[in-house]
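**Student:** mmCIF, C-alpha atoms, file work.cif:
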data_coords
loop_
_atom_site.label_atom_id
_atom_site.label_comp_id
_atom_site.auth_asym_id
_atom_site.auth_seq_id
_atom_site.Cartn_x
_atom_site.Cartn_y
_atom_site.Cartn_z
CA MET A 362 0.00 0.00 0.00
CA GLU A 363 2.82 2.40 0.82
CA PHE A 364 4.43 1.68 -2.56
CA ALA A 365 1.13 2.34 -4.33
CA ARG A 366 0.59 5.64 -2.50
CA ARG A 367 4.13 6.80 -3.21
CA THR A 368 3.89 5.80 -6.88
CA ARG A 369 0.55 7.59 -7.27
CA ALA A 370 1.97 10.72 -5.67
CA ASP A 371 5.08 10.59 -7.90
CA LEU A 372 3.00 10.17 -11.06
CA SER A 373 0.69 13.00 -10.03
CA ARG A 374 3.63 15.36 -9.52
CA LEU A 375 5.24 14.22 -12.78
CA LEU A 376 2.07 14.96 -14.74
CA MET A 377 1.76 18.32 -13.01
CA GLU A 378 5.30 19.23 -14.05
CA HIS A 379 4.53 18.24 -17.63
CA GLN A 380 1.41 20.40 -17.62
CA PHE A 381 3.61 23.29 -16.56
CA GLY A 382 5.99 22.35 -19.39
CA VAL A 383 3.12 22.59 -21.85
CA ASP A 384 2.20 25.97 -20.37
CA GLU A 385 5.77 27.19 -20.91
CA VAL A 386 5.73 26.17 -24.58
CA LEU A 387 2.26 27.65 -25.10
CA THR A 388 3.50 30.94 -23.69
CA LYS A 389 6.35 30.94 -26.20
CA VAL A 390 3.96 30.17 -29.05
CA THR A 391 1.54 32.89 -27.91
CA ILE A 392 4.35 35.44 -27.91
CA LEU A 393 5.37 34.40 -31.42
CA ARG A 394 1.79 34.67 -32.64
CA GLU A 395 1.42 38.13 -31.14
CA GLU A 396 4.72 39.23 -32.66
CA PHE A 397 3.74 38.06 -36.12
CA LEU A 398 0.24 39.47 -35.74
CA HIS A 399 1.06 42.94 -34.43
CA LEU A 400 4.58 43.70 -35.62
CA ARG A 401 4.65 41.94 -38.97
CA ARG A 402 2.41 41.56 -41.96
CA TYR A 403 1.92 37.81 -41.74
CA ASN A 404 1.07 35.27 -39.03
CA PRO A 405 2.15 31.70 -39.94
CA ILE A 406 0.34 30.02 -37.01
CA GLU A 407 -3.28 29.03 -37.65
CA HIS A 408 -4.12 27.31 -34.36
CA VAL A 409 -2.52 25.49 -31.43
CA THR A 410 -3.64 22.53 -29.31
CA SER A 411 -2.03 20.76 -26.38
CA ARG A 412 -2.45 17.76 -24.11
CA VAL A 413 -0.87 15.89 -21.23
CA LYS A 414 -1.28 12.13 -21.03
CA SER A 415 -3.79 10.87 -18.52
CA PRO A 416 -2.50 8.64 -15.71
CA GLU A 417 -4.17 5.64 -17.35
CA SER A 418 -2.61 6.36 -20.74
CA LEU A 419 0.81 6.84 -19.16
CA VAL A 420 0.61 3.57 -17.22
CA ARG A 421 -0.47 1.67 -20.35
CA LYS A 422 2.53 3.02 -22.23
CA MET A 423 4.85 2.10 -19.36
CA VAL A 424 3.52 -1.47 -19.46
CA ARG A 425 3.90 -1.70 -23.26
CA ARG A 426 7.48 -0.47 -23.10
CA ASN A 427 8.32 -2.32 -19.91
CA VAL A 428 9.30 0.92 -18.16
CA ALA A 429 10.02 0.66 -14.44
CA PRO A 430 7.56 2.55 -12.19
CA SER A 431 10.02 5.26 -11.22
CA VAL A 432 10.12 8.92 -12.13
CA ASP A 433 13.66 8.68 -13.49
CA ALA A 434 12.77 5.72 -15.74
CA ILE A 435 9.67 7.46 -17.04
CA ARG A 436 11.57 10.66 -17.80
CA GLU A 437 14.17 8.68 -19.72
CA HIS A 438 11.92 6.39 -21.76
CA VAL A 439 8.64 8.28 -22.26
CA THR A 440 9.10 11.55 -24.14
CA ASP A 441 5.53 12.25 -25.26
CA ILE A 442 3.82 12.79 -21.89
CA ALA A 443 3.38 16.46 -22.80
CA GLY A 444 2.48 17.48 -26.33
CA VAL A 445 1.85 20.71 -28.23
CA ARG A 446 0.55 20.71 -31.80
CA ILE A 447 1.00 23.78 -33.98
CA THR A 448 -0.94 24.01 -37.23
CA CYS A 449 0.42 26.34 -39.89
CA SER A 450 -0.90 27.63 -43.20
CA PHE A 451 1.92 26.47 -45.44
CA ILE A 452 4.83 24.03 -45.48
CA GLU A 453 7.34 26.88 -45.38
CA ASP A 454 5.70 28.14 -42.19
CA THR A 455 6.29 24.86 -40.34
CA TYR A 456 10.05 25.29 -40.65
CA ARG A 457 9.84 28.98 -39.86
CA VAL A 458 7.98 28.31 -36.60
CA LEU A 459 10.28 25.42 -35.69
CA LYS A 460 13.36 27.63 -36.12
CA ALA A 461 11.81 30.42 -34.04
CA LEU A 462 11.08 28.03 -31.16
CA VAL A 463 14.24 25.92 -31.02
CA SER A 464 16.56 28.93 -31.39
CA GLN A 465 15.49 30.26 -27.98
CA ASP A 466 18.19 30.05 -25.32
CA ASP A 467 16.14 28.12 -22.75
CA VAL A 468 14.94 25.47 -25.21
CA ARG A 469 17.17 22.41 -25.50
CA VAL A 470 16.55 20.30 -28.59
CA ILE A 471 16.72 16.57 -27.91
CA LYS A 472 15.56 15.22 -31.25
CA VAL A 473 13.85 16.40 -34.42
CA LYS A 474 12.10 14.04 -36.84
CA ASP A 475 11.10 15.59 -40.15
CA TYR A 476 8.23 13.52 -41.50
CA ILE A 477 7.48 16.23 -44.06
CA LYS A 478 10.67 15.60 -46.00
CA GLU A 479 10.55 11.88 -45.20
CA PRO A 480 6.90 10.84 -44.67
CA LYS A 481 5.96 7.66 -42.87
CA PRO A 482 5.02 4.69 -45.09
CA ASN A 483 1.30 5.34 -44.53
CA GLY A 484 1.62 8.93 -45.78
CA TYR A 485 1.80 10.70 -42.40
CA LYS A 486 3.54 14.08 -42.49
CA SER A 487 4.56 16.39 -39.66
CA ILE A 488 7.61 17.73 -37.87
CA HIS A 489 8.19 16.23 -34.44
CA ALA A 490 10.54 18.10 -32.14
CA ILE A 491 11.38 16.70 -28.71
CA VAL A 492 12.56 19.62 -26.60
CA GLU A 493 13.37 20.28 -22.98
CA VAL A 494 12.21 23.46 -21.25
CA PRO A 495 12.78 24.63 -17.66
CA VAL A 496 9.83 24.75 -15.30
CA PHE A 497 10.44 26.95 -12.27
CA LEU A 498 8.90 25.55 -9.10
CA SER A 499 9.23 26.59 -5.46
CA THR A 500 11.97 23.97 -5.09
CA GLY A 501 13.90 25.20 -8.11
CA ALA A 502 14.01 24.67 -11.87
CA VAL A 503 12.93 21.30 -13.25
CA PRO A 504 13.73 20.28 -16.84
CA VAL A 505 10.61 18.98 -18.59
CA VAL A 506 10.43 17.25 -21.97
CA VAL A 507 7.70 18.34 -24.39
CA GLU A 508 6.91 16.94 -27.83
CA ILE A 509 6.07 19.65 -30.36
CA GLN A 510 4.30 18.68 -33.58
CA ILE A 511 4.20 21.20 -36.41
CA ARG A 512 2.17 20.57 -39.56
CA THR A 513 -0.01 22.25 -42.16
CA ILE A 514 -3.81 22.36 -42.15
CA ALA A 515 -3.95 19.69 -44.87
CA MET A 516 -1.55 17.43 -42.97
CA ASP A 517 -3.54 17.88 -39.77
CA PHE A 518 -6.83 17.02 -41.48
CA TRP A 519 -5.32 13.86 -42.98
CA ALA A 520 -3.71 12.81 -39.68
CA SER A 521 -6.99 13.29 -37.81
CA LEU A 522 -8.88 11.09 -40.29
CA GLU A 523 -6.15 8.45 -40.28
CA HIS A 524 -6.20 8.32 -36.47
CA LYS A 525 -9.98 7.82 -36.40
CA ILE A 526 -9.82 5.01 -38.97
CA HIS A 527 -6.86 3.38 -37.20
CA TYR A 528 -8.72 3.54 -33.89
CA LYS A 529 -11.97 2.15 -35.35
CA PHE A 530 -10.22 -0.91 -36.78
CA ASP A 531 -7.90 -1.32 -33.77
CA GLY A 532 -4.82 -0.87 -35.96
CA ASP A 533 -5.84 -3.51 -38.50
CA VAL A 534 -6.95 -1.17 -41.30
CA PRO A 535 -8.37 -2.93 -44.39
CA ASP A 536 -6.13 -2.77 -47.45
CA HIS A 537 -8.58 -0.74 -49.54
CA LEU A 538 -8.84 1.94 -46.81
CA ALA A 539 -5.08 2.03 -46.35
CA GLU A 540 -4.70 2.54 -50.09
CA SER A 541 -7.31 5.30 -50.06
CA LEU A 542 -5.51 7.01 -47.18
CA SER A 543 -2.25 6.85 -49.11
CA ASP A 544 -3.95 8.44 -52.13
CA ALA A 545 -5.45 11.11 -49.87
CA ALA A 546 -1.99 11.88 -48.47
CA MET A 547 -0.72 12.57 -51.99
CA ILE A 548 -3.72 14.79 -52.71
CA ALA A 549 -3.09 16.70 -49.46
CA GLU A 550 0.52 17.24 -50.51
CA GLN A 551 -0.59 18.54 -53.90
CA LEU A 552 -3.00 20.92 -52.17
CA ASP A 553 -0.23 22.18 -49.86
CA ARG A 554 2.09 22.81 -52.81
CA ARG A 555 -0.57 24.54 -54.89
CA MET A 556 -1.72 26.79 -52.05
CA GLU A 557 1.89 27.71 -51.28
CA ASP A 558 2.47 28.62 -54.94
CA LEU A 559 -0.63 30.81 -54.89
CA HIS A 560 0.54 32.51 -51.69
CA ARG A 561 3.94 33.26 -53.21
CA GLU A 562 2.34 34.60 -56.37
CA VAL A 563 0.24 37.02 -54.33
CA HIS A 564 2.72 38.00 -51.60
CA GLY A 565 6.08 37.27 -53.19
CA GLU A 566 8.93 35.07 -52.05
CA HIS A 567 9.85 35.27 -48.38
CA ARG A 568 13.58 35.34 -47.69
CA ALA A 569 14.74 33.87 -44.39
CA ASP A 570 17.56 36.42 -44.15
CA GLN A 571 15.22 39.36 -44.72
CA PRO A 572 13.08 40.46 -41.78
CA ASP A 573 9.37 41.05 -42.28
CA GLU A 574 8.24 44.61 -42.74
CA PRO A 575 6.72 46.05 -39.58
CA ALA A 576 3.05 46.87 -39.56
CA GLU A 577 2.26 50.41 -40.65
CA ILE A 578 1.65 53.01 -37.94
CA ASP A 579 -0.97 55.67 -38.50
CA GLU A 580 0.71 58.89 -39.68
CA ASP A 581 -1.74 61.03 -37.68
CA MET A 582 -0.63 59.21 -34.54
CA ILE A 583 3.00 60.12 -35.25
CA VAL A 584 2.02 63.76 -35.69
CA ARG A 585 0.10 63.76 -32.39
CA MET A 586 3.07 62.19 -30.60
CA TRP A 587 5.38 64.88 -32.04
CA GLN A 588 2.99 67.62 -30.91
CA MET A 589 2.84 66.15 -27.40
CA MET A 590 6.63 66.09 -27.22
CA ARG A 591 6.83 69.72 -28.34
CA GLU A 592 4.22 70.79 -25.82
CA SER A 593 6.08 68.91 -23.07
CA GLU A 594 9.36 70.59 -23.95
CA GLU A 595 7.75 74.05 -24.08
CA GLY A 596 6.01 73.43 -20.76
#
Please, can you express the file's structure as structure tokens?
**Tutor:**
Amino acid sequence: MEFARRTRADLSRLLMEHQFGVDEVLTKVTILREEFLHLRRYNPIEHVTSRVKSPESLVRKMVRRNVAPSVDAIREHVTDIAGVRITCSFIEDTYRVLKALVSQDDVRVIKVKDYIKEPKPNGYKSIHAIVEVPVFLSTGAVPVVVEIQIRTIAMDFWASLEHKIHYKFDGDVPDHLAESLSDAAMIAEQLDRRMEDLHREVHGEHRADQPDEPAEIDEDMIVRMWQMMRESEEG
């Protein structure tokens, strides 16, 4: 009984820390969205979702992977307890957002898997970045691992449908549905490419080494600010 109580308490604290890790990443993403929205002419982030594994889901994964019921073992062998999914408009945006996140000083990159350049056999596409962020508790900083998935709207739609079909058939998807999903993945890729071409035709090519133009500021506001400064100096 004592072991069970201690294990339950350890798992509860571990999940709490991972929720805080998600919160840290979401704060970073929110800041990026606000920067793109207010200071630049283009926001590459469409929407963001997050989740932390439930205790039941975590225990099931520990059993499948034969992970010892200790916090250290879980931290080492289970890297997807906390997850953040970022959906972007275009393929180019996925890499832009990834670079903006992993280049921050307090984000340590553990592993990046680029399933956009090298899709899974079933057609799945996304960028998976396993990162470590510091969570500051009353007892000090705790490093927490968070999995970040970055994909386009088309990729996200396909992945959602594939997950539902995979779940319905308990992993044993009929051949004709698997083939249809593979065809749909190719169509989704064609849609991504075509929409990106249209975006470039309208807005031009974005250069990574050229910063975005800041949003325009009302000229009347500048004049009013200048007048206020003059009045302050004369007063």
**Student:** Contacts of A:Leu459 at 12 Å or less, counting all atoms listed in the file, minus same-chain residues fewer than 5 places along, as a PDB file with C-alpha atoms, keeping the file's coordinate frame?
**Tutor:**
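Now in selection07.pdb:
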ATOM      1  CA  LYS A 389       6.350  30.940 -26.200  1.00  0.00           C
ATOM      2  CA  VAL A 390       3.960  30.170 -29.050  1.00  0.00           C
ATOM      3  CA  LEU A 393       5.370  34.400 -31.420  1.00  0.00           C
ATOM      4  CA  PRO A 405       2.150  31.700 -39.940  1.00  0.00           C
ATOM      5  CA  ILE A 406       0.340  30.020 -37.010  1.00  0.00           C
ATOM      6  CA  ARG A 446       0.550  20.710 -31.800  1.00  0.00           C
ATOM      7  CA  ILE A 447       1.000  23.780 -33.980  1.00  0.00           C
ATOM      8  CA  THR A 448      -0.940  24.010 -37.230  1.00  0.00           C
ATOM      9  CA  CYS A 449       0.420  26.340 -39.890  1.00  0.00           C
ATOM     10  CA  ILE A 452       4.830  24.030 -45.480  1.00  0.00           C
ATOM     11  CA  GLU A 453       7.340  26.880 -45.380  1.00  0.00           C
ATOM     12  CA  ASP A 454       5.700  28.140 -42.190  1.00  0.00           C
ATOM     13  CA  SER A 464      16.560  28.930 -31.390  1.00  0.00           C
ATOM     14  CA  GLN A 465      15.490  30.260 -27.980  1.00  0.00           C
ATOM     15  CA  VAL A 468      14.940  25.470 -25.210  1.00  0.00           C
ATOM     16  CA  VAL A 470      16.550  20.300 -28.590  1.00  0.00           C
ATOM     17  CA  VAL A 473      13.850  16.400 -34.420  1.00  0.00           C
ATOM     18  CA  LYS A 474      12.100  14.040 -36.840  1.00  0.00           C
ATOM     19  CA  ASP A 475      11.100  15.590 -40.150  1.00  0.00           C
ATOM     20  CA  SER A 487       4.560  16.390 -39.660  1.00  0.00           C
ATOM     21  CA  ILE A 488       7.610  17.730 -37.870  1.00  0.00           C
ATOM     22  CA  HIS A 489       8.190  16.230 -34.440  1.00  0.00           C
ATOM     23  CA  ALA A 490      10.540  18.100 -32.140  1.00  0.00           C
ATOM     24  CA  ILE A 491      11.380  16.700 -28.710  1.00  0.00           C
ATOM     25  CA  VAL A 492      12.560  19.620 -26.600  1.00  0.00           C
ATOM     26  CA  ILE A 509       6.070  19.650 -30.360  1.00  0.00           C
ATOM     27  CA  GLN A 510       4.300  18.680 -33.580  1.00  0.00           C
ATOM     28  CA  ILE A 511       4.200  21.200 -36.410  1.00  0.00           C
ATOM     29  CA  ARG A 512       2.170  20.570 -39.560  1.00  0.00           C
TER      30      ARG A 512
END
**Student:** Using Å and a single decimal, report how far atom CA of A:Val496 sits from atom CA of A:Val439.
**Tutor:**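 Result for atom CA of A:Val439 versus atom CA of A:Val496: 17.9 Å, one decimal.
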**Student:** Figure out the distance between atom CA of A:Leu387 and atom CA of A:Thr410, please, to one decimal in Å.
**Tutor:** 8.9 Å
**Student:** Skip A:Ile548 itself and residues of its chain fewer than 4 positions away, then list as an mmCIF file with C-alpha atoms, in the coordinates of the input all residues within 12 Å of it, counting all atoms listed in the file.
**Tutor:**
data_model
loop_
_atom_site.group_PDB
_atom_site.id
_atom_site.type_symbol
_atom_site.label_atom_id
_atom_site.label_comp_id
_atom_site.auth_asym_id
_atom_site.auth_seq_id
_atom_site.Cartn_x
_atom_site.Cartn_y
_atom_site.Cartn_z
ATOM 1 C CA GLY A 484 1.620 8.930 -45.780
ATOM 2 C CA ALA A 515 -3.950 19.690 -44.870
ATOM 3 C CA MET A 516 -1.550 17.430 -42.970
ATOM 4 C CA PHE A 518 -6.830 17.020 -41.480
ATOM 5 C CA TRP A 519 -5.320 13.860 -42.980
ATOM 6 C CA SER A 541 -7.310 5.300 -50.060
ATOM 7 C CA LEU A 542 -5.510 7.010 -47.180
ATOM 8 C CA SER A 543 -2.250 6.850 -49.110
ATOM 9 C CA ASP A 544 -3.950 8.440 -52.130
ATOM 10 C CA LEU A 552 -3.000 20.920 -52.170
ATOM 11 C CA ASP A 553 -0.230 22.180 -49.860
ATOM 12 C CA ARG A 554 2.090 22.810 -52.810
ATOM 13 C CA ARG A 555 -0.570 24.540 -54.890
#
**Student:** What is the atom CA of A:Glu437-atom CA of A:Ala520 distance in Å, reported with one decimal?
**Tutor:**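 Separation of atom CA of A:Glu437 and atom CA of A:Ala520: 27.1 Å.
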**Student:** For A:His408, which of A:Glu385, A:Thr455, A:Pro480, A:Ile514 is the closest residue, counting all atoms listed in the file?
**Tutor:**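 Ranked by minimum distance to A:His408, first place goes to A:Ile514.
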**Student:** Expand the PyMOL selection byres ((chain A and resi 430-434) around 9) into the explicit residue set it covers here, and present it as a PyMOL selection string.
**Tutor:** chain A and resi 368+371-372+375+420+423+428-429+435-439
**Student:** Step by step, gather every atom of stretch 407-412 of chain A that the file lists, find the box along x, y and z that holds them, add 3 Å on each side, and finally give centre and edge lengths in Å to one decimal, as AutoDock Vina command-line options.
**Tutor:**
--center_x -3.1 --center_y 23.4 --center_z -30.9 --size_x 8.1 --size_y 17.3 --size_z 19.5
**Student:** Given the file shown, determine the residues that the PyMOL selection byres ((chain A and resi 413) around 6) selects; report them as a short mmCIF file (atom, residue, chain, number, x, y, z; two decimals) with C-alpha atoms, in the frame of the given file.
**Tutor:**
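Output saved as expr24.cif:
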data_model
loop_
_atom_site.label_atom_id
_atom_site.label_comp_id
_atom_site.auth_asym_id
_atom_site.auth_seq_id
_atom_site.Cartn_x
_atom_site.Cartn_y
_atom_site.Cartn_z
CA ARG A 412 -2.45 17.76 -24.11
CA LYS A 414 -1.28 12.13 -21.03
CA ILE A 442 3.82 12.79 -21.89
CA ALA A 443 3.38 16.46 -22.80
#
**Student:** Which is closer to A:Asn483 than all the others in A:Ser415, A:Ala461, A:Glu396, A:Ala545, using all atoms listed in the file?
**Tutor:**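 Of A:Ser415, A:Ala461, A:Glu396, A:Ala545, the one nearest A:Asn483 is A:Ala545, counting all atoms listed in the file.
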